[in-house]
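Pasting my_file04.tsv here (TSV, C-alpha atoms):
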chain	number	residue	atom	x	y	z
N	1	MET	CA	0.00	0.00	0.00
N	2	THR	CA	2.72	2.49	1.00
N	3	ARG	CA	4.31	1.63	-2.28
N	4	TYR	CA	1.55	3.58	-4.03
N	5	LEU	CA	0.95	6.06	-1.24
N	6	VAL	CA	4.41	7.63	-1.25
N	7	PRO	CA	4.47	8.66	-4.92
N	8	LEU	CA	0.84	9.71	-4.67
N	9	VAL	CA	1.50	12.02	-1.72
N	10	ALA	CA	4.63	13.39	-3.41
N	11	PHE	CA	2.54	14.08	-6.53
N	12	ALA	CA	-0.20	15.74	-4.48
N	13	ILE	CA	2.36	18.08	-2.92
N	14	LEU	CA	4.13	18.81	-6.19
N	15	ILE	CA	1.02	19.79	-8.16
N	16	PRO	CA	-0.03	22.84	-6.08
N	17	VAL	CA	3.60	23.98	-5.87
N	18	LEU	CA	3.95	23.89	-9.65
N	19	MET	CA	0.52	25.46	-10.15
N	20	ILE	CA	1.44	28.40	-7.94
N	21	GLY	CA	4.65	28.68	-9.93
N	22	LEU	CA	2.66	29.03	-13.15
N	23	THR	CA	0.76	32.05	-11.87
N	24	ARG	CA	3.93	33.96	-11.02
N	25	ASP	CA	5.87	36.11	-13.43
N	26	PRO	CA	9.55	35.12	-13.44
N	27	ARG	CA	10.41	38.54	-14.84
N	28	GLU	CA	9.27	40.25	-11.67
N	29	LEU	CA	12.20	40.03	-9.34
N	30	PRO	CA	11.85	40.85	-5.66
N	31	SER	CA	13.92	43.93	-4.95
N	32	PRO	CA	16.56	43.58	-2.24
N	33	LEU	CA	16.01	47.31	-1.66
N	34	LEU	CA	12.65	46.78	0.04
N	35	GLN	CA	12.64	48.00	3.65
N	36	GLN	CA	16.15	49.34	3.10
N	37	ALA	CA	17.37	52.92	2.94
N	38	ALA	CA	16.91	54.30	-0.56
N	39	PRO	CA	20.24	54.69	-2.40
N	40	GLN	CA	21.50	58.27	-2.33
N	41	PHE	CA	21.93	59.97	-5.67
N	42	GLU	CA	22.40	63.34	-7.27
N	43	LEU	CA	22.06	63.91	-10.99
N	44	PRO	CA	21.55	66.83	-13.33
N	45	SER	CA	17.93	67.76	-13.82
N	46	LEU	CA	16.53	66.72	-17.19
N	47	LEU	CA	14.91	70.05	-17.99
N	48	ASP	CA	17.44	72.31	-16.27
N	49	PRO	CA	20.98	70.85	-16.49
N	50	ALA	CA	22.30	73.61	-14.24
N	51	ARG	CA	20.24	72.24	-11.35
N	52	THR	CA	20.57	68.86	-9.72
N	53	VAL	CA	17.87	66.43	-8.63
N	54	GLY	CA	18.46	63.79	-6.01
N	55	SER	CA	17.57	62.11	-2.77
N	56	LYS	CA	18.00	65.44	-0.97
N	57	ASP	CA	14.83	66.67	-2.72
N	58	PHE	CA	12.58	64.02	-1.23
N	59	ASP	CA	13.76	64.12	2.33
N	60	ASN	CA	11.16	63.95	5.07
N	61	GLN	CA	8.12	63.20	3.00
N	62	MET	CA	6.68	60.22	1.24
N	63	THR	CA	7.74	60.30	-2.41
N	64	LEU	CA	7.26	58.35	-5.61
N	65	LEU	CA	10.25	57.73	-7.87
N	66	ASN	CA	9.28	56.65	-11.37
N	67	VAL	CA	11.90	55.24	-13.73
N	68	TRP	CA	11.05	56.16	-17.30
N	69	ALA	CA	12.50	56.57	-20.78
N	70	THR	CA	11.21	57.58	-24.18
N	71	TRP	CA	12.24	54.23	-25.68
N	72	CYS	CA	10.00	52.39	-23.23
N	73	PRO	CA	6.46	51.58	-24.47
N	74	GLY	CA	5.25	50.77	-20.95
N	75	CYS	CA	6.16	54.30	-19.90
N	76	ARG	CA	3.91	55.76	-22.58
N	77	GLN	CA	1.18	53.43	-21.36
N	78	GLU	CA	1.32	54.62	-17.75
N	79	HIS	CA	1.94	58.27	-18.55
N	80	ASP	CA	-1.69	59.38	-18.47
N	81	PHE	CA	-2.17	57.75	-15.11
N	82	LEU	CA	0.92	59.51	-13.75
N	83	LEU	CA	-0.54	62.82	-14.95
N	84	GLN	CA	-3.78	62.08	-13.09
N	85	LEU	CA	-1.82	61.18	-10.01
N	86	ALA	CA	0.13	64.41	-10.22
N	87	ARG	CA	-3.13	66.38	-10.44
N	88	GLU	CA	-4.42	64.64	-7.33
N	89	ALA	CA	-1.23	65.79	-5.58
N	90	VAL	CA	-1.17	62.95	-3.04
N	91	LEU	CA	2.59	62.91	-2.98
N	92	PRO	CA	5.40	64.37	-5.05
N	93	ILE	CA	6.42	62.31	-8.09
N	94	TYR	CA	10.04	62.41	-9.16
N	95	GLY	CA	11.30	60.90	-12.39
N	96	LEU	CA	14.47	59.01	-13.10
N	97	ASN	CA	14.99	59.45	-16.82
N	98	TRP	CA	17.01	56.30	-17.42
N	99	ARG	CA	19.41	55.76	-20.32
N	100	ASP	CA	17.64	58.30	-22.46
N	101	ASN	CA	18.46	61.20	-24.72
N	102	ARG	CA	17.88	64.71	-23.46
N	103	PRO	CA	16.16	66.37	-26.46
N	104	GLU	CA	13.78	63.44	-26.93
N	105	ALA	CA	12.96	63.18	-23.23
N	106	THR	CA	12.35	66.92	-23.04
N	107	ARG	CA	10.07	66.78	-26.04
N	108	TRP	CA	8.19	63.81	-24.52
N	109	LEU	CA	7.35	65.91	-21.44
N	110	GLU	CA	6.40	68.94	-23.55
N	111	VAL	CA	4.08	66.97	-25.80
N	112	LEU	CA	2.55	64.53	-23.33
N	113	GLY	CA	2.63	66.64	-20.19
N	114	ASN	CA	4.95	66.52	-17.21
N	115	PRO	CA	3.76	64.68	-14.09
N	116	TYR	CA	7.12	65.04	-12.34
N	117	VAL	CA	8.26	67.63	-9.82
N	118	ALA	CA	11.60	67.07	-11.53
N	119	SER	CA	13.33	64.32	-13.47
N	120	ALA	CA	16.90	63.24	-12.83
N	121	PHE	CA	18.82	62.61	-16.03
N	122	ASP	CA	20.64	59.26	-15.72
N	123	GLU	CA	22.29	59.11	-19.11
N	124	GLU	CA	24.78	56.34	-18.29
N	125	GLY	CA	22.46	54.27	-16.15
N	126	ARG	CA	24.79	54.54	-13.15
N	127	VAL	CA	22.05	55.53	-10.69
N	128	GLY	CA	19.70	52.99	-12.27
N	129	ILE	CA	22.13	50.25	-11.25
N	130	ASP	CA	22.26	51.54	-7.67
N	131	TRP	CA	18.49	51.26	-7.55
N	132	GLY	CA	18.54	47.78	-9.07
N	133	VAL	CA	16.61	48.95	-12.12
N	134	TYR	CA	16.47	46.37	-14.90
N	135	GLY	CA	13.55	47.44	-17.02
N	136	ALA	CA	11.50	50.61	-17.24
N	137	PRO	CA	8.93	51.47	-16.09
N	138	GLU	CA	9.65	50.84	-12.44
N	139	THR	CA	8.11	52.79	-9.59
N	140	PHE	CA	9.47	53.08	-6.06
N	141	LEU	CA	7.59	54.33	-3.01
N	142	ILE	CA	9.92	55.93	-0.49
N	143	ASP	CA	8.67	56.83	2.96
N	144	ALA	CA	9.41	59.97	4.98
N	145	ASN	CA	12.45	58.31	6.57
N	146	GLY	CA	13.97	57.52	3.19
N	147	ILE	CA	13.11	53.80	3.31
N	148	VAL	CA	11.96	52.04	0.12
N	149	VAL	CA	8.58	50.60	1.10
N	150	HIS	CA	7.36	49.34	-2.26
N	151	LYS	CA	8.56	48.69	-5.78
N	152	HIS	CA	6.33	48.15	-8.75
N	153	ILE	CA	7.68	46.78	-12.02
N	154	ALA	CA	5.56	47.29	-15.18
N	155	PRO	CA	3.21	50.15	-16.06
N	156	LEU	CA	1.18	51.67	-13.22
N	157	THR	CA	-2.59	51.61	-13.42
N	158	ARG	CA	-5.30	52.96	-11.14
N	159	GLU	CA	-6.10	49.41	-10.05
N	160	ILE	CA	-2.50	48.61	-9.04
N	161	TRP	CA	-2.19	51.98	-7.36
N	162	GLU	CA	-5.31	51.44	-5.22
N	163	ARG	CA	-4.30	47.90	-4.36
N	164	ASP	CA	-0.56	48.18	-3.65
N	165	PHE	CA	0.27	51.82	-3.00
N	166	VAL	CA	-2.72	53.42	-1.31
N	167	PRO	CA	-2.74	51.15	1.79
N	168	LEU	CA	0.94	51.94	2.39
N	169	ILE	CA	0.36	55.66	1.91
N	170	ARG	CA	-2.62	55.54	4.31
N	171	ALA	CA	-0.62	53.55	6.86
N	172	ALA	CA	2.04	56.24	6.74
N	173	GLY	CA	-0.59	58.81	7.65
N	174	VAL	CA	-0.39	60.79	4.45
N	175	VAL	CA	-3.91	62.13	3.86
N	176	GLN	CA	-5.57	60.46	0.93
T	1	MET	CA	25.98	17.05	-56.34
T	2	ARG	CA	28.37	19.95	-56.47
T	3	VAL	CA	25.64	22.27	-55.30
T	4	ARG	CA	24.95	20.01	-52.35
T	5	ILE	CA	28.62	19.87	-51.32
T	6	SER	CA	28.98	23.62	-51.50
T	7	LEU	CA	25.81	23.98	-49.43
T	8	ILE	CA	27.25	21.67	-46.78
T	9	VAL	CA	30.53	23.57	-46.78
T	10	MET	CA	28.61	26.82	-46.41
T	11	LEU	CA	26.54	25.50	-43.50
T	12	MET	CA	29.61	24.12	-41.77
T	13	SER	CA	31.44	27.39	-42.09
T	14	MET	CA	28.41	29.16	-40.58
T	15	LEU	CA	28.58	26.78	-37.64
T	16	ALA	CA	32.22	27.54	-37.20
T	17	VAL	CA	31.52	31.27	-37.08
T	18	ALA	CA	28.43	31.16	-34.86
T	19	PRO	CA	30.01	30.86	-31.38
T	20	VAL	CA	32.35	33.73	-32.13
T	21	SER	CA	29.57	36.08	-33.19
T	22	ASN	CA	27.58	35.16	-30.05
T	23	ALA	CA	30.21	36.49	-27.70
T	24	ILE	CA	29.44	40.18	-27.37
T	25	ASP	CA	32.30	41.35	-25.24
T	26	THR	CA	35.42	39.72	-26.58
T	27	GLY	CA	37.52	42.84	-26.62
T	28	GLN	CA	40.48	43.24	-24.34
T	29	ALA	CA	39.38	45.27	-21.31
T	30	PHE	CA	42.58	45.14	-19.28
T	31	ASP	CA	46.27	45.07	-20.16
T	32	ASP	CA	46.96	42.92	-17.13
T	33	PRO	CA	46.14	39.33	-18.19
T	34	GLU	CA	45.23	38.40	-14.62
T	35	LEU	CA	42.63	41.18	-14.37
T	36	GLN	CA	41.35	40.30	-17.83
T	37	ALA	CA	40.92	36.67	-16.74
T	38	ARG	CA	39.05	37.70	-13.59
T	39	TYR	CA	36.89	40.08	-15.62
T	40	GLU	CA	35.97	37.36	-18.11
T	41	LYS	CA	35.20	34.89	-15.35
T	42	ILE	CA	32.93	37.36	-13.53
T	43	ILE	CA	30.94	38.50	-16.55
T	44	ALA	CA	30.37	34.86	-17.54
T	45	GLU	CA	28.69	34.27	-14.16
T	46	VAL	CA	26.48	37.34	-13.85
T	47	ARG	CA	22.93	37.20	-15.12
T	48	CYS	CA	21.61	39.86	-17.43
T	49	LEU	CA	18.47	40.84	-15.51
T	50	LYS	CA	16.81	42.15	-18.64
T	51	CYS	CA	17.26	38.97	-20.64
T	52	GLN	CA	17.19	36.45	-17.88
T	53	ASN	CA	18.71	33.41	-19.49
T	54	GLN	CA	21.83	35.11	-20.69
T	55	THR	CA	24.96	36.17	-18.88
T	56	ILE	CA	26.09	39.76	-19.22
T	57	LYS	CA	28.95	38.38	-21.29
T	58	ASP	CA	26.56	37.07	-23.93
T	59	SER	CA	23.96	39.81	-23.86
T	60	ASN	CA	23.95	42.97	-25.92
T	61	ALA	CA	21.18	44.58	-23.84
T	62	PHE	CA	22.35	47.98	-22.67
T	63	LEU	CA	21.87	46.96	-19.05
T	64	ALA	CA	24.41	44.17	-19.61
T	65	GLY	CA	26.79	46.74	-21.09
T	66	ASP	CA	26.26	49.01	-18.07
T	67	LEU	CA	26.94	46.16	-15.67
T	68	ARG	CA	30.11	45.18	-17.57
T	69	ARG	CA	31.25	48.80	-17.34
T	70	GLU	CA	30.61	48.85	-13.58
T	71	ILE	CA	32.50	45.58	-13.12
T	72	ARG	CA	35.46	46.95	-15.12
T	73	ARG	CA	35.41	50.06	-12.94
T	74	MET	CA	35.38	48.00	-9.73
T	75	LEU	CA	38.22	45.78	-10.95
T	76	ASP	CA	40.16	48.94	-11.82
T	77	GLU	CA	39.56	50.20	-8.30
T	78	GLY	CA	41.01	46.96	-6.92
T	79	LEU	CA	37.82	45.44	-5.49
T	80	SER	CA	37.82	41.71	-4.78
T	81	ASP	CA	35.52	39.22	-6.52
T	82	GLU	CA	33.50	38.93	-3.30
T	83	GLU	CA	33.03	42.69	-3.10
T	84	ILE	CA	31.86	42.78	-6.70
T	85	ALA	CA	29.39	39.94	-6.02
T	86	GLU	CA	28.18	41.85	-2.95
T	87	PHE	CA	27.67	45.00	-5.08
T	88	LEU	CA	25.45	43.06	-7.50
T	89	VAL	CA	23.52	41.16	-4.82
T	90	THR	CA	22.62	44.25	-2.78
T	91	ARG	CA	21.19	45.83	-5.92
T	92	TYR	CA	19.67	42.92	-7.84
T	93	GLY	CA	19.48	40.03	-5.36
T	94	GLU	CA	21.10	36.58	-5.42
T	95	PHE	CA	19.34	35.96	-8.71
T	96	ALA	CA	21.96	38.11	-10.43
T	97	LEU	CA	24.62	35.50	-9.80
T	98	TYR	CA	24.60	32.33	-11.86
T	99	ARG	CA	26.55	30.72	-9.04
T	100	PRO	CA	24.63	31.90	-5.95
T	101	ARG	CA	26.64	32.19	-2.76
T	102	LEU	CA	25.99	29.70	0.02
T	103	THR	CA	23.81	31.59	2.51
T	104	GLY	CA	20.76	30.78	4.61
T	105	LYS	CA	18.51	31.87	1.76
T	106	THR	CA	20.25	29.81	-0.90
T	107	LEU	CA	20.88	26.73	1.25
T	108	VAL	CA	17.93	24.83	-0.24
T	109	LEU	CA	19.20	25.62	-3.72
T	110	TRP	CA	22.60	24.12	-2.95
T	111	LEU	CA	21.38	21.13	-0.96
T	112	ALA	CA	18.45	20.10	-3.16
T	113	PRO	CA	20.52	18.30	-5.84
T	114	VAL	CA	22.43	16.32	-3.20
T	115	LEU	CA	19.24	15.41	-1.34
T	116	LEU	CA	17.47	14.40	-4.54
T	117	LEU	CA	20.45	12.29	-5.56
T	118	LEU	CA	20.56	10.59	-2.15
T	119	GLY	CA	16.78	10.01	-2.27
T	120	GLY	CA	17.03	8.50	-5.74
T	121	ALA	CA	19.98	6.34	-4.70
T	122	THR	CA	18.05	5.07	-1.66
T	123	VAL	CA	15.06	4.09	-3.77
T	124	LEU	CA	17.31	2.44	-6.32
T	125	TRP	CA	19.22	0.57	-3.64
T	126	ARG	CA	16.00	-0.71	-2.05
T	127	VAL	CA	14.59	-1.86	-5.37
T	128	ILE	CA	17.82	-3.60	-6.32
T	129	SER	CA	18.29	-5.30	-2.97
T	130	ARG	CA	14.71	-6.53	-3.04
T	131	ARG	CA	15.24	-7.99	-6.50
T	132	MET	CA	18.52	-9.56	-5.42
T	133	ALA	CA	16.62	-11.42	-2.71
T	134	MET	CA	14.26	-12.91	-5.29
T	135	PRO	CA	15.19	-16.18	-6.89
T	136	LEU	CA	16.35	-15.88	-10.49
T	137	ASP	CA	13.90	-17.23	-13.05
T	138	ASP	CA	16.56	-19.56	-14.47
T	139	ASP	CA	17.33	-20.94	-11.03
T	140	SER	CA	13.71	-21.65	-10.31
T	141	LEU	CA	13.36	-23.38	-13.69
T	142	GLU	CA	16.38	-25.53	-13.06
T	143	GLY	CA	15.25	-26.31	-9.58
T	144	GLY	CA	11.81	-27.32	-10.81
Could you express the structure from this file as structure tokens?
Amino acid sequence: MTRYLVPLVAFAILIPVLMIGLTRDPRELPSPLLQQAAPQFELPSLLDPARTVGSKDFDNQMTLLNVWATWCPGCRQEHDFLLQLAREAVLPIYGLNWRDNRPEATRWLEVLGNPYVASAFDEEGRVGIDWGVYGAPETFLIDANGIVVHKHIAPLTREIWERDFVPLIRAAGVVQ
Amino acid sequence: MRVRISLIVMLMSMLAVAPVSNAIDTGQAFDDPELQARYEKIIAEVRCLKCQNQTIKDSNAFLAGDLRREIRRMLDEGLSDEEIAEFLVTRYGEFALYRPRLTGKTLVLWLAPVLLLLGGATVLWRVISRRMAMPLDDDSLEGG
């Protein structure tokens, strides 16, 4: 009897494990940055190269950092939602313009609208590496103490925002 | 016939060229052969996070290029292989390394093959020893 029971039990355990595996996206990597201090950075501003944009700008308040580029179709997809979010003014949105080209990125913001307080211009992708960025768009939620509390990979939508971001923003006591 | 031979020759020469054209970063990065060897070993063991089943040595994604540049910079600055691995893991997680380090988190990963092999060997051993205990068909025929 045990002869048949052992493989049967092993099979019964294996099936749910593999089925859960099927529902998960292997491209979405857990970020080791979560619950860690956000990496410090300072880069020239995209629209005003004389100024710099960096971690110093989002000290002491909950902030969104959105990694975007003009070559990234997902960024175009989420852009309208970012504009809505900026109008709602729940929290400041900063951009990390990653591995892009300045004239094109500037034109993108002029034509489509600019949801960002400011965008840091990461031409060489150096800061992107510090943040563990591997594919735009990526969005980080940083709390008032400078801790990364959430990372979303793929375009943002209202649904994802309400589900993953809003509870964290509420928990932090930022009025919503 | 001649056409067929020339076709075969052509295909074989394409095969000969293929591995070379797959290697993206074959250029000499360091004058020091020891550094160059370390560099080549590291980039062959770091995953390109953008194109997950390639190493950054084989990938032409710009992220792979950026990571190769960072690794060259760190080697230039005299960092050890462990420090470079640490740099990648704190940013991208253990997944970035094709040869994950042995830590609490990766213990299962390292032990699983050994455990599976031992499990398989145990089953095999039990099956074989049970069969050894059985009389051989020939013997039973002769006996009867």
### Task
Determine, counting only C-alpha atoms, which protein, DNA and RNA residues have an atom within 10 Å of an atom of Ala118 in chain N; residues of the same chain fewer than 5 positions away are not included. Present the result as a PyMOL selection string.
chain N and resi 45-48+52-54+57+92-97
### Message
Distance limit 9 Å, atoms considered: all atoms listed in the file. Which chain N residues sit that close to chain T? Return them as a list in words.
### Response
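Applying the cut-off to the listed atoms yields Pro26, Arg27, Leu29, Pro30, Ser31, Pro32, Leu33, Arg99, Glu124, Gly125, Arg126, Ile129, Asp130, Trp131, Gly132, Val133, Tyr134 and Gly135 of chain N.
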### Message
Can you pull out the residues contacting Thr139 in chain N? Cut-off 9 Å, using all atoms listed in the file, and skip same-chain residues under 3 positions away; I want them as an MDAnalysis selection string.
### Response
chainID N and resid 64:68 136 150:156
### Task
Rank N:Leu91, N:Val149, N:Val17, N:Leu109 by their smallest atom-to-atom distance to Gln61 in chain N, using all atoms listed in the file, and report the top residue only.
N:Leu91
### Message
Could you tell me how far CA of Thr23 in chain N sits from CA of Phe165 in chain N, in Å to one decimal place?
### Response
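Going from CA of Phe165 in chain N over to CA of Thr23 in chain N, I get 21.7 Å.
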## Note on the structure
From the list N:Arg76, N:Phe58, N:Val166, N:Arg3, the nearest residue to Val111 in chain N using all atoms listed in the file is N:Arg76
### Query
Distance CA of Ala38 in chain N-CA of Asp80 in chain N, one decimal place?
26.3 Å
### Task
Using all atoms listed in the file, find the one residue out of T:Ile71, T:Asp76, T:Glu86, T:Leu118 that sits nearest to Pro100 in chain T.
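For Pro100 in chain T, the nearest of the given residues is T:Glu86.
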## Note on the structure
CA of Ile142 in chain N sits from CA of Arg68 in chain T at a separation of 28.5 Å
### Query
Leaving out range 33-39 of chain T and any residue of its chain fewer than 6 positions from it, which residues lie within 12 Å of it when counting all atoms listed in the file, given as an MDAnalysis selection string?
chainID T and resid 25:27 45:46 56:57 67:82 84
